[in-house]
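K.L.:
Please see the structure below; I have some questions.
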Amino acid sequence: MPRKRSTERHLTPMRQQVYICLCKQGRPVTAYELLALYVVEKGRPVAPPTIYRTLAYLCAQGMVLRLASTHSYIPHEHHQSAPPDAILLCDSCGQVQSVADAKLNQGLQQVLASAGFQAPPQALELHGTCATCCA
């Protein structure tokens, strides 16, 4: 009797290694930067679509966040909880800070509704200067 194949995906060694490479950086990383890091780490080439599929899977699992404004990715430290309401990006040093404040997203949804615009709840990406760089 043939074994039933599980439809649930899992964290393959490739996905795990890509996630580890991303976590080691401590800054937002583009898919092509991650591709280069993976090749250096594993010593074998991998095609760009493979990295993009891996990142898509990690994003779907809530382990990674995609920063649309910079076309880069960061690990989501609290991947068991909901995504952050805002992501603060320092344009001077590259530091990224997540902010969880439900009132922020609720307020944004109210503003959008009053303008007759609909958008799914999502993290705002705000560029500026962090407290360290301001000092």
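Chain labels run A, B, ... following the order of the structure tokens; each chain numbers its residues from 1, and ligands are numbered from 1 in the order shown.
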Taking only C-alpha atoms into account, produce a table as CSV in which each residue of segment 22-61 of chain A with an atom at most 12 Å from an atom of segment 92-98 of chain A appears once, together with its shortest atom pair and the distance in Å to one decimal, ordered by chain and rising number.
P.N.:
residue,atom,partner,partner_atom,distance
A:Gln25,CA,A:Gln95,CA,11.4
A:Gly26,CA,A:Gln95,CA,8.3
A:Arg27,CA,A:Gly94,CA,6.6
A:Pro28,CA,A:Gly94,CA,7.7
A:Val29,CA,A:Gly94,CA,10.5
K.L.:
Which of segment 20-67 of chain A end up as strand (DSSP E) when DSSP is run on this backbone - answer as a PDB file with C-alpha atoms, in the first residue's frame?
P.N.:
ATOM      1  CA  VAL A  64      10.597  36.278   7.551  1.00  0.00           C
ATOM      2  CA  LEU A  65       9.239  39.710   6.691  1.00  0.00           C
ATOM      3  CA  ARG A  66       9.599  41.241   3.243  1.00  0.00           C
ATOM      4  CA  LEU A  67      10.372  44.954   3.230  1.00  0.00           C
TER       5      LEU A  67
END
K.L.:
With distances taken over only C-alpha atoms, which of A:Pro13, A:Pro75, A:Pro84, A:Pro121 is nearest to Cys59 of chain A?
P.N.:
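Smallest distance to Cys59 of chain A is found for A:Pro75.
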K.L.:
Step one, run DSSP on the backbone; step two, keep only residues of segment 43-131 of chain A assigned to alpha helix (DSSP H); then write them as an MDAnalysis selection string.
P.N.:
chainID A and resid 48:60 102:114 131
K.L.:
Could those residues be written to a file, using C-alpha atoms, as a short mmCIF file (atom, residue, chain, number, x, y, z; two decimals), in the first residue's frame?
P.N.:
data_model
loop_
_atom_site.label_atom_id
_atom_site.label_comp_id
_atom_site.auth_asym_id
_atom_site.auth_seq_id
_atom_site.Cartn_x
_atom_site.Cartn_y
_atom_site.Cartn_z
CA PRO A 48 17.70 32.66 -8.03
CA PRO A 49 14.16 31.21 -8.34
CA THR A 50 15.05 28.69 -5.63
CA ILE A 51 15.98 31.50 -3.23
CA TYR A 52 12.79 33.40 -4.09
CA ARG A 53 10.63 30.30 -3.52
CA THR A 54 12.40 29.66 -0.23
CA LEU A 55 11.86 33.26 0.89
CA ALA A 56 8.19 33.08 -0.15
CA TYR A 57 7.78 29.96 1.98
CA LEU A 58 9.53 31.56 4.98
CA CYS A 59 7.36 34.69 4.60
CA ALA A 60 4.19 32.56 4.43
CA ALA A 102 -2.74 47.70 17.28
CA LYS A 103 -4.03 51.27 17.59
CA LEU A 104 -1.71 52.31 14.77
CA ASN A 105 -3.20 49.83 12.31
CA GLN A 106 -6.74 50.53 13.51
CA GLY A 107 -6.21 54.27 13.01
CA LEU A 108 -4.84 53.69 9.54
CA GLN A 109 -7.81 51.49 8.62
CA GLN A 110 -10.17 54.28 9.80
CA VAL A 111 -8.35 56.86 7.65
CA LEU A 112 -8.49 54.54 4.65
CA ALA A 113 -12.19 53.83 5.20
CA SER A 114 -13.02 57.54 5.39
CA ALA A 131 17.75 57.54 18.09
#
K.L.:
Compare A:Ala86, A:Ala31, A:Val40, A:Leu22 by their minimum atom-to-atom distance to Met63 of chain A, counting only C-alpha atoms, and give me the closest one.
P.N.:
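The shortest atom-to-atom distance to Met63 of chain A comes from A:Leu22.
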